[in-house]
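What follows is start.csv (CSV, C-alpha atoms).
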```csv
chain,number,residue,atom,x,y,z
L,1,MET,CA,119.1,82.6,100.3
L,2,SER,CA,115.9,81.7,102.0
L,3,ASN,CA,117.0,83.4,105.2
L,4,LEU,CA,118.1,86.6,103.5
L,5,VAL,CA,114.8,87.0,101.7
L,6,HIS,CA,112.8,86.1,104.7
L,7,ASP,CA,114.8,88.5,106.9
L,8,LEU,CA,114.2,91.3,104.4
L,9,ILE,CA,110.4,90.6,104.3
L,10,SER,CA,110.1,90.2,108.0
L,11,THR,CA,112.0,93.3,109.0
L,12,ARG,CA,110.7,95.7,106.3
L,13,ALA,CA,108.8,98.8,107.6
L,14,SER,CA,107.0,101.4,105.6
L,15,ALA,CA,109.0,104.6,106.0
L,16,SER,CA,106.8,107.2,107.6
L,17,LEU,CA,109.6,109.8,107.1
L,18,LEU,CA,111.9,110.0,104.1
L,19,ARG,CA,115.2,112.0,104.0
L,20,PRO,CA,115.0,114.9,101.7
L,21,GLY,CA,117.7,115.3,99.1
L,22,THR,CA,118.2,111.6,98.4
L,23,GLN,CA,118.9,110.9,94.8
L,24,LEU,CA,118.1,107.8,92.7
L,25,SER,CA,119.5,107.5,89.2
L,26,ARG,CA,117.2,106.8,86.3
L,27,GLN,CA,119.2,103.7,85.6
L,28,ALA,CA,118.4,102.5,89.1
L,29,ILE,CA,114.8,103.3,88.7
L,30,GLU,CA,114.6,101.5,85.5
L,31,ARG,CA,116.2,98.4,87.0
L,32,LEU,CA,113.6,98.4,89.8
L,33,ILE,CA,110.7,98.8,87.4
L,34,ALA,CA,112.1,96.0,85.2
L,35,LEU,CA,111.9,93.8,88.4
L,36,ALA,CA,108.4,95.0,89.2
L,37,THR,CA,107.3,93.8,85.8
L,38,ARG,CA,108.4,90.3,86.6
L,39,ALA,CA,105.4,90.1,89.0
L,40,PRO,CA,102.8,87.7,87.7
L,41,SER,CA,99.5,88.9,86.2
L,42,SER,CA,96.4,87.0,85.1
L,43,PHE,CA,96.9,85.6,81.6
L,44,ASN,CA,100.2,87.5,81.7
L,45,LEU,CA,98.1,90.6,80.9
L,46,GLN,CA,100.8,92.9,82.3
L,47,ASN,CA,98.1,95.4,82.7
L,48,TRP,CA,100.2,98.0,84.5
L,49,ARG,CA,102.0,101.2,83.8
L,50,PHE,CA,104.5,103.2,85.9
L,51,VAL,CA,104.8,106.9,85.9
L,52,ILE,CA,107.8,108.2,87.8
L,53,THR,CA,108.1,111.6,89.5
L,54,ASP,CA,111.7,112.2,90.3
L,55,THR,CA,112.2,116.0,89.6
L,56,PRO,CA,111.2,118.8,92.1
L,57,ALA,CA,108.5,120.0,89.6
L,58,ALA,CA,107.0,116.5,89.1
L,59,LYS,CA,107.0,115.7,92.8
L,60,GLU,CA,105.3,119.1,93.6
L,61,LYS,CA,102.7,118.4,91.0
L,62,LEU,CA,102.0,115.0,92.6
L,63,ARG,CA,102.1,116.3,96.2
L,64,ALA,CA,99.4,118.8,95.2
L,65,VAL,CA,97.0,115.9,94.5
L,66,ALA,CA,98.3,113.7,97.3
L,67,TYR,CA,97.0,115.7,100.3
L,68,ASP,CA,100.2,117.7,100.5
L,69,GLN,CA,102.1,114.8,102.1
L,70,SER,CA,105.8,115.6,102.5
L,71,LYS,CA,106.9,112.1,101.7
L,72,VAL,CA,106.1,112.8,98.1
L,73,THR,CA,108.7,115.5,97.8
L,74,ASP,CA,111.1,114.0,100.3
L,75,ALA,CA,111.3,110.8,98.3
L,76,ALA,CA,114.0,110.3,95.7
L,77,ALA,CA,111.3,109.2,93.4
L,78,VAL,CA,107.6,108.3,93.7
L,79,VAL,CA,106.2,105.7,91.4
L,80,ILE,CA,102.6,106.1,90.4
L,81,LEU,CA,101.4,102.5,90.0
L,82,ILE,CA,98.7,102.4,87.3
L,83,GLY,CA,96.5,99.4,86.7
L,84,THR,CA,94.8,99.1,83.3
L,85,ILE,CA,91.5,97.6,82.4
L,86,PRO,CA,92.3,94.2,80.6
L,87,ASP,CA,92.4,94.4,76.9
L,88,ALA,CA,92.0,90.9,75.3
L,89,GLU,CA,93.0,92.0,71.8
L,90,ARG,CA,96.3,93.4,73.1
L,91,LEU,CA,96.8,90.2,75.2
L,92,GLN,CA,96.3,88.0,72.1
L,93,LEU,CA,99.0,89.9,70.2
L,94,ASP,CA,101.4,89.6,73.1
L,95,LEU,CA,100.7,85.9,73.6
L,96,ALA,CA,101.0,85.2,69.9
L,97,ARG,CA,104.6,86.4,70.0
L,98,ALA,CA,105.4,84.1,72.9
L,99,VAL,CA,103.7,81.2,71.0
L,100,SER,CA,105.7,82.0,67.9
L,101,ALA,CA,108.9,82.1,70.0
L,102,GLY,CA,108.1,78.5,71.2
L,103,LEU,CA,107.6,79.6,74.8
L,104,LEU,CA,104.0,78.7,75.0
L,105,PRO,CA,101.9,76.0,73.3
L,106,HIS,CA,100.3,76.5,70.0
L,107,GLY,CA,96.8,77.8,70.3
L,108,LEU,CA,97.2,79.2,73.8
L,109,ASP,CA,97.1,82.8,72.5
L,110,THR,CA,93.6,82.3,71.0
L,111,ASP,CA,92.4,80.2,74.0
L,112,TRP,CA,93.5,82.7,76.6
L,113,ALA,CA,92.4,85.7,74.7
L,114,ALA,CA,88.9,84.1,74.4
L,115,ALA,CA,88.9,83.3,78.1
L,116,ALA,CA,90.0,86.9,78.9
L,117,ARG,CA,87.3,88.3,76.6
L,118,ALA,CA,84.7,86.1,78.4
L,119,LYS,CA,85.9,87.1,81.8
L,120,TYR,CA,86.3,90.9,81.4
L,121,SER,CA,84.4,92.2,78.4
L,122,ASN,CA,81.0,92.5,80.1
L,123,ASP,CA,82.1,92.8,83.7
L,124,PRO,CA,83.4,96.2,84.7
L,125,GLN,CA,83.9,95.0,88.3
L,126,ALA,CA,86.1,92.0,87.3
L,127,SER,CA,88.0,94.4,85.0
L,128,ARG,CA,88.7,96.9,87.8
L,129,ASP,CA,89.6,94.1,90.2
L,130,GLU,CA,92.2,92.9,87.7
L,131,ALA,CA,93.7,96.3,87.4
L,132,ILE,CA,94.0,96.7,91.2
L,133,ARG,CA,95.3,93.1,91.5
L,134,SER,CA,98.0,93.3,88.9
L,135,ALA,CA,99.3,96.8,89.9
L,136,SER,CA,99.4,95.6,93.6
L,137,LEU,CA,101.4,92.5,92.7
L,138,ALA,CA,103.8,94.7,90.8
L,139,ALA,CA,103.9,97.2,93.7
L,140,ALA,CA,104.8,94.6,96.3
L,141,THR,CA,107.5,93.2,94.0
L,142,LEU,CA,108.9,96.7,93.5
L,143,MET,CA,109.1,97.4,97.2
L,144,ILE,CA,110.9,94.2,97.9
L,145,ALA,CA,113.3,94.8,95.1
L,146,ALA,CA,114.0,98.4,96.4
L,147,GLU,CA,114.5,97.2,100.0
L,148,ALA,CA,117.0,94.7,98.7
L,149,GLU,CA,119.1,97.7,97.5
L,150,GLY,CA,119.0,99.3,100.9
L,151,LEU,CA,116.3,101.7,99.9
L,152,ALA,CA,113.2,102.5,102.0
L,153,THR,CA,109.7,102.5,100.6
L,154,CYS,CA,106.3,103.7,101.5
L,155,PRO,CA,103.1,102.7,99.7
L,156,MET,CA,100.5,105.4,99.7
L,157,ILE,CA,96.9,105.4,98.9
L,158,GLY,CA,96.3,108.9,100.2
L,159,PHE,CA,95.8,110.8,96.9
L,160,ASP,CA,93.0,112.2,94.9
L,161,ALA,CA,92.5,109.6,92.1
L,162,ALA,CA,90.8,112.0,89.7
L,163,GLY,CA,93.4,114.6,90.4
L,164,VAL,CA,96.2,112.1,89.6
L,165,ALA,CA,94.5,111.0,86.5
L,166,ARG,CA,94.0,114.6,85.3
L,167,GLU,CA,97.5,115.9,86.2
L,168,PHE,CA,99.4,112.9,84.8
L,169,GLY,CA,97.3,112.3,81.7
L,170,LEU,CA,95.9,108.9,82.5
L,171,ALA,CA,93.7,107.3,79.9
L,172,SER,CA,90.1,106.4,80.6
L,173,ASP,CA,91.0,102.7,81.0
L,174,GLU,CA,93.8,103.5,83.6
L,175,ILE,CA,93.4,103.5,87.4
L,176,PRO,CA,95.9,105.0,89.7
L,177,VAL,CA,96.2,102.1,92.2
L,178,MET,CA,99.0,103.2,94.6
L,179,LEU,CA,101.9,105.5,95.0
L,180,VAL,CA,105.2,104.0,96.1
L,181,ALA,CA,107.7,106.5,97.5
L,182,ILE,CA,111.3,105.4,97.4
L,183,GLY,CA,114.2,106.9,99.2
L,184,LYS,CA,116.1,106.7,102.5
L,185,ALA,CA,114.3,106.6,105.8
L,186,SER,CA,114.8,109.5,108.1
L,187,GLU,CA,115.7,109.1,111.7
L,188,GLY,CA,112.3,109.1,113.6
L,189,SER,CA,110.6,107.1,110.9
L,190,TRP,CA,108.2,104.7,112.6
L,191,PRO,CA,109.2,101.1,113.3
L,192,GLN,CA,107.3,98.2,111.7
L,193,LYS,CA,103.7,98.3,112.8
L,194,PRO,CA,102.6,95.2,114.7
L,195,ARG,CA,100.9,92.4,112.9
L,196,ARG,CA,98.2,90.1,114.2
L,197,ALA,CA,99.3,86.6,115.2
L,198,VAL,CA,99.2,84.0,112.4
L,199,SER,CA,96.7,82.0,114.4
L,200,GLU,CA,94.2,84.9,114.0
L,201,VAL,CA,94.4,85.0,110.2
L,202,LEU,CA,95.1,81.4,109.1
L,203,SER,CA,92.8,78.4,109.1
L,204,TYR,CA,92.9,75.0,107.5
L,205,ALA,CA,90.0,74.0,105.4
Q,206,MET,CA,121.7,90.5,99.2
Q,207,SER,CA,120.5,92.8,96.5
Q,208,ASN,CA,121.5,90.5,93.7
Q,209,LEU,CA,120.1,87.4,95.3
Q,210,VAL,CA,116.7,89.0,95.8
Q,211,HIS,CA,116.8,90.5,92.3
Q,212,ASP,CA,117.8,87.2,90.8
Q,213,LEU,CA,114.9,85.5,92.5
Q,214,ILE,CA,112.4,88.1,91.3
Q,215,SER,CA,113.8,88.2,87.8
Q,216,THR,CA,113.9,84.5,87.2
Q,217,ARG,CA,110.6,83.4,89.0
Q,218,ALA,CA,108.1,81.8,86.7
Q,219,SER,CA,104.5,80.8,87.6
Q,220,ALA,CA,104.4,77.0,87.6
Q,221,SER,CA,102.0,75.8,85.0
Q,222,LEU,CA,102.5,72.2,86.2
Q,223,LEU,CA,103.0,71.1,89.8
Q,224,ARG,CA,104.4,67.7,90.9
Q,225,PRO,CA,101.8,65.6,92.6
Q,226,GLY,CA,102.7,64.1,96.0
Q,227,THR,CA,104.8,67.1,97.2
Q,228,GLN,CA,104.4,67.7,100.9
Q,229,LEU,CA,104.7,70.9,102.9
Q,230,SER,CA,104.6,70.8,106.7
Q,231,ARG,CA,102.1,73.0,108.5
Q,232,GLN,CA,105.0,74.6,110.3
Q,233,ALA,CA,106.4,75.6,106.9
Q,234,ILE,CA,103.0,76.9,105.8
Q,235,GLU,CA,102.7,79.0,108.9
Q,236,ARG,CA,106.1,80.4,108.5
Q,237,LEU,CA,105.2,81.5,104.9
Q,238,ILE,CA,101.9,83.0,106.1
Q,239,ALA,CA,103.7,84.9,108.8
Q,240,LEU,CA,105.9,86.4,106.1
Q,241,ALA,CA,102.9,87.2,103.9
Q,242,THR,CA,101.4,89.2,106.8
Q,243,ARG,CA,104.4,91.5,106.8
Q,244,ALA,CA,103.2,93.0,103.6
Q,245,PRO,CA,102.0,96.6,104.0
Q,246,SER,CA,98.3,97.5,104.0
Q,247,SER,CA,96.6,100.8,104.1
Q,248,PHE,CA,96.5,102.2,107.7
Q,249,ASN,CA,98.0,98.8,108.6
Q,250,LEU,CA,94.4,97.4,108.2
Q,251,GLN,CA,95.7,93.9,107.7
Q,252,ASN,CA,92.4,93.2,106.0
Q,253,TRP,CA,93.2,89.7,104.9
Q,254,ARG,CA,92.7,86.1,105.8
Q,255,PHE,CA,94.3,82.9,104.6
Q,256,VAL,CA,92.5,79.6,104.2
Q,257,ILE,CA,94.8,76.7,103.5
Q,258,THR,CA,93.9,73.5,101.6
Q,259,ASP,CA,96.6,70.9,102.2
Q,260,THR,CA,94.6,67.7,102.5
Q,261,PRO,CA,93.3,65.6,99.6
Q,262,ALA,CA,89.7,66.3,100.7
Q,263,ALA,CA,90.2,70.1,101.0
Q,264,LYS,CA,92.0,70.3,97.7
Q,265,GLU,CA,89.3,68.3,96.0
Q,266,LYS,CA,86.7,70.6,97.4
Q,267,LEU,CA,88.6,73.6,96.1
Q,268,ARG,CA,89.2,72.0,92.7
Q,269,ALA,CA,85.5,71.5,92.3
Q,270,VAL,CA,85.0,75.3,92.4
Q,271,ALA,CA,88.2,76.1,90.5
Q,272,TYR,CA,87.3,74.8,87.1
Q,273,ASP,CA,88.7,71.4,87.8
Q,274,GLN,CA,92.3,72.6,87.5
Q,275,SER,CA,94.8,69.9,88.3
Q,276,LYS,CA,97.2,72.4,89.9
Q,277,VAL,CA,94.9,72.6,92.8
Q,278,THR,CA,95.3,68.9,93.8
Q,279,ASP,CA,98.9,68.6,92.5
Q,280,ALA,CA,100.0,71.4,94.8
Q,281,ALA,CA,101.3,70.7,98.2
Q,282,ALA,CA,99.0,73.4,99.5
Q,283,VAL,CA,96.8,76.0,98.0
Q,284,VAL,CA,96.3,79.3,99.9
Q,285,ILE,CA,92.9,81.0,99.4
Q,286,LEU,CA,93.8,84.7,99.8
Q,287,ILE,CA,90.9,86.5,101.2
Q,288,GLY,CA,90.6,90.3,101.3
Q,289,THR,CA,88.2,91.8,103.8
Q,290,ILE,CA,86.2,95.0,103.6
Q,291,PRO,CA,87.9,97.5,105.9
Q,292,ASP,CA,86.6,97.8,109.4
Q,293,ALA,CA,87.5,101.1,111.0
Q,294,GLU,CA,86.4,100.0,114.5
Q,295,ARG,CA,88.6,97.0,114.5
Q,296,LEU,CA,91.4,99.1,113.1
Q,297,GLN,CA,91.1,101.5,115.9
Q,298,LEU,CA,91.4,98.7,118.5
Q,299,ASP,CA,94.5,97.4,116.7
Q,300,LEU,CA,96.1,100.8,116.4
Q,301,ALA,CA,95.3,101.6,120.1
Q,302,ARG,CA,97.4,98.7,121.1
Q,303,ALA,CA,100.4,99.9,119.0
Q,304,VAL,CA,100.0,103.4,120.5
Q,305,SER,CA,99.9,101.9,124.0
Q,306,ALA,CA,103.1,100.0,123.3
Q,307,GLY,CA,104.8,103.2,122.3
Q,308,LEU,CA,105.2,102.2,118.7
Q,309,LEU,CA,103.0,104.8,117.2
Q,310,PRO,CA,102.3,108.4,118.3
Q,311,HIS,CA,99.6,109.2,120.7
Q,312,GLY,CA,96.3,110.0,119.0
Q,313,LEU,CA,97.2,108.2,115.7
Q,314,ASP,CA,94.7,105.5,116.5
Q,315,THR,CA,91.7,107.9,116.6
Q,316,ASP,CA,93.0,109.9,113.7
Q,317,TRP,CA,93.6,107.0,111.4
Q,318,ALA,CA,90.3,105.3,112.4
Q,319,ALA,CA,88.5,108.5,111.5
Q,320,ALA,CA,90.3,108.7,108.2
Q,321,ALA,CA,89.5,105.1,107.4
Q,322,ARG,CA,85.9,105.7,108.3
Q,323,ALA,CA,85.7,108.7,106.0
Q,324,LYS,CA,87.4,106.8,103.2
Q,325,TYR,CA,85.5,103.5,103.3
Q,326,SER,CA,82.2,103.7,105.2
Q,327,ASN,CA,80.1,105.1,102.4
Q,328,ASP,CA,82.2,103.9,99.4
Q,329,PRO,CA,81.7,100.2,98.6
Q,330,GLN,CA,84.1,100.5,95.6
Q,331,ALA,CA,86.9,102.0,97.7
Q,332,SER,CA,86.3,99.2,100.2
Q,333,ARG,CA,86.4,96.5,97.7
Q,334,ASP,CA,89.5,98.0,96.1
Q,335,GLU,CA,91.2,97.9,99.4
Q,336,ALA,CA,90.4,94.3,100.0
Q,337,ILE,CA,91.8,93.4,96.5
Q,338,ARG,CA,94.9,95.6,97.1
Q,339,SER,CA,95.8,94.3,100.5
Q,340,ALA,CA,95.3,90.6,99.6
Q,341,SER,CA,97.4,91.1,96.5
Q,342,LEU,CA,100.2,92.7,98.3
Q,343,ALA,CA,100.2,89.7,100.7
Q,344,ALA,CA,100.0,87.3,97.8
Q,345,ALA,CA,103.1,88.7,96.1
Q,346,THR,CA,105.0,88.7,99.4
Q,347,LEU,CA,103.9,85.1,100.0
Q,348,MET,CA,105.1,84.0,96.5
Q,349,ILE,CA,108.5,85.6,96.9
Q,350,ALA,CA,108.9,84.1,100.4
Q,351,ALA,CA,108.0,80.6,99.0
Q,352,GLU,CA,110.3,80.9,96.0
Q,353,ALA,CA,113.1,81.8,98.5
Q,354,GLU,CA,112.6,78.3,100.0
Q,355,GLY,CA,113.0,76.7,96.6
Q,356,LEU,CA,109.2,76.1,96.2
Q,357,ALA,CA,107.3,76.9,93.1
Q,358,THR,CA,104.1,79.0,93.1
Q,359,CYS,CA,101.3,79.7,90.8
Q,360,PRO,CA,98.7,82.5,91.4
Q,361,MET,CA,95.3,81.5,90.1
Q,362,ILE,CA,92.2,83.7,89.5
Q,363,GLY,CA,90.4,80.9,87.7
Q,364,PHE,CA,87.7,80.0,90.3
Q,365,ASP,CA,84.1,80.6,91.0
Q,366,ALA,CA,84.1,83.3,93.7
Q,367,ALA,CA,80.6,82.5,94.9
Q,368,GLY,CA,81.5,78.8,95.0
Q,369,VAL,CA,84.6,79.4,97.0
Q,370,ALA,CA,82.7,81.7,99.4
Q,371,ARG,CA,80.0,79.1,99.9
Q,372,GLU,CA,82.3,76.0,100.2
Q,373,PHE,CA,84.8,77.6,102.5
Q,374,GLY,CA,82.4,79.6,104.7
Q,375,LEU,CA,83.5,83.1,103.8
Q,376,ALA,CA,81.7,85.9,105.6
Q,377,SER,CA,79.7,88.6,103.7
Q,378,ASP,CA,82.6,91.1,104.1
Q,379,GLU,CA,85.2,88.7,102.7
Q,380,ILE,CA,86.3,88.5,99.0
Q,381,PRO,CA,88.3,85.6,97.6
Q,382,VAL,CA,91.0,87.5,95.8
Q,383,MET,CA,93.4,84.9,94.5
Q,384,LEU,CA,94.5,81.3,95.0
Q,385,VAL,CA,98.2,80.7,95.4
Q,386,ALA,CA,99.2,77.1,94.7
Q,387,ILE,CA,102.5,76.1,96.3
Q,388,GLY,CA,104.6,73.0,95.5
Q,389,LYS,CA,107.3,71.8,93.2
Q,390,ALA,CA,107.3,72.5,89.5
Q,391,SER,CA,107.0,69.5,87.2
Q,392,GLU,CA,109.2,68.9,84.3
Q,393,GLY,CA,107.4,70.5,81.4
Q,394,SER,CA,106.2,73.5,83.4
Q,395,TRP,CA,106.3,76.6,81.2
Q,396,PRO,CA,109.2,79.0,81.3
Q,397,GLN,CA,108.7,82.6,82.4
Q,398,LYS,CA,106.4,84.3,80.0
Q,399,PRO,CA,107.9,87.3,78.2
Q,400,ARG,CA,107.5,90.8,79.6
Q,401,ARG,CA,107.1,94.0,77.7
Q,402,ALA,CA,110.2,96.2,77.6
Q,403,VAL,CA,110.5,98.7,80.4
Q,404,SER,CA,110.4,101.5,77.9
Q,405,GLU,CA,106.9,100.4,77.0
Q,406,VAL,CA,105.5,100.7,80.5
Q,407,LEU,CA,107.6,103.4,82.2
Q,408,SER,CA,107.5,107.2,81.7
Q,409,TYR,CA,108.8,110.2,83.6
Q,410,ALA,CA,106.3,112.9,84.6
```
As structure tokens:
Amino acid sequence: MSNLVHDLISTRASASLLRPGTQLSRQAIERLIALATRAPSSFNLQNWRFVITDTPAAKEKLRAVAYDQSKVTDAAAVVILIGTIPDAERLQLDLARAVSAGLLPHGLDTDWAAAARAKYSNDPQASRDEAIRSASLAAATLMIAAEAEGLATCPMIGFDAAGVAREFGLASDEIPVMLVAIGKASEGSWPQKPRRAVSEVLSYA
Amino acid sequence: MSNLVHDLISTRASASLLRPGTQLSRQAIERLIALATRAPSSFNLQNWRFVITDTPAAKEKLRAVAYDQSKVTDAAAVVILIGTIPDAERLQLDLARAVSAGLLPHGLDTDWAAAARAKYSNDPQASRDEAIRSASLAAATLMIAAEAEGLATCPMIGFDAAGVAREFGLASDEIPVMLVAIGKASEGSWPQKPRRAVSEVLSYA
């Protein structure tokens, strides 16, 4: 198992070109999003949402606020990864259900909700950071899950955030963090871009 | 392959308790970090750095700025995931090497460096977002790579960012984004926390 996962991670390349006309069933999309939601999030906030563009009209609408990039319409589907500002009240309700089900210790729901309230309620930067972090963890998980099905992916930050929020009806506590285009790589898609040596980025404390 | 990766993702649980005394060789750590660096980043910025605490002294030093959480010292190693503020000049040098090697089209180094300069140079929020995003993509990749070796992981945001920056000598353009504790789960570690149904988080545009 180790080697298969490691091979997948080490050989993955973001697809610079996607093959137009590729289809992905909604059942397949939902399976991938279910996997993306298994990503961890702080306090298990799950502060994310996924808007899918998989029709010509939806993809054209997205392309218009994504600098007219052809990947958006050539993809079988593009996932708009949304991070949400942490909501301690909603967290408490979610955790209370897990406590009731015997999955988490008694009292953890109130403890964690209090900790989340203390961390985020008066700190817009910490709140935004958490939205970016959770959605990014989900995005990486989504891409690995898709690659494991033989699909190609390309994460994209080239979009007009205000335009995406407007066109896709995002709430005021929602941040569009990334687009993930999913499809099949075209011939001519670039190879994996080189990485710095581990010795350049790793140190021991 | 698909099913193995999907099984790994769908069954992973953050380890609430790690077994003290677990060892991880530096060779194994470096293999995992090499995999983490295969995560995608905007423009291939690779704006991340990894500081490893794997000795009792280093782990104690980290625990002191991580709310005294026992996971820090019980882990075989804790990775401090650092995101860095994008540096368009460094990006251009890196991309120029890939262009010279024939991996990317001629001129892309100057084009992307200009785009990165335009995006980040006068926008501290976009710069910080990118640091959080890249380090989080690397963190998720790291956790999946470690789980594929039968290791347990726990992402942690419970630390004093200023304390970590001070104790571990972070530069002013570096943000400690997350800790990832790696080791073996103890008996009594919590099961996977419940996730919301896909229907609650997914919609079609």
task: Kindly determine which residues of chain Q lie within 6 Å of chain L, considering only C-alpha atoms, and give the answer as a list of chain:residue names.
output: Q:Ser207, Q:Ser215, Q:Ala239, Q:Leu240, Q:Arg243, Q:Arg254, Q:Phe255, Q:Val256, Q:Ile257, Q:Thr258, Q:Ala263, Q:Arg338, Q:Ser341, Q:Leu342, Q:Ala345, Q:Ala353, Q:Glu354, Q:Val403, Q:Val406, Q:Leu407, Q:Ser408, Q:Tyr409, Q:Ala410
task: Rank nothing, just name the residue among Q:Pro329, Q:Pro225, Q:Gly307, Q:Pro381 nearest to Ala281 in chain Q, using all atoms listed in the file.
output: Q:Pro225
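The spacing separating CA of Thr227 in chain Q from CA of Ala280 in chain Q amounts to 6.9 Å.
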Exercise on range 48-65 of chain L, axis-aligned box with 3 Å per side, report centre and edge lengths in Å to one decimal, as AutoDock Vina command-line options:
```
--center_x 104.6 --center_y 109.0 --center_z 90.0 --size_x 21.2 --size_y 28.0 --size_z 18.4
```
field: Shortest interatomic distance to Ala366 in chain Q - which of L:Ala185, L:Val180, L:Leu17, L:Ala126, counting all atoms listed in the file
entry: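 Among the listed residues, the smallest separation from Ala366 in chain Q belongs to L:Ala126.
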- request: Enter the distance from CA of Tyr272 in chain Q to CA of Leu91 in chain L, in Å, rounded to one decimal.
  value: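 Interatomic distance, CA of Tyr272 in chain Q to CA of Leu91 in chain L: 21.7 Å.
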- prompt: Which value, in Å to one decimal, gives the distance between CA of Thr153 in chain L and CA of Arg166 in chain L?
  reply: 25.0 Å
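Among Q:Val369, Q:Ala301, Q:Leu229, Q:Ala220, the residue with the shortest atom-to-atom distance to Leu313 in chain Q, counting all atoms listed in the file, is Q:Ala301.
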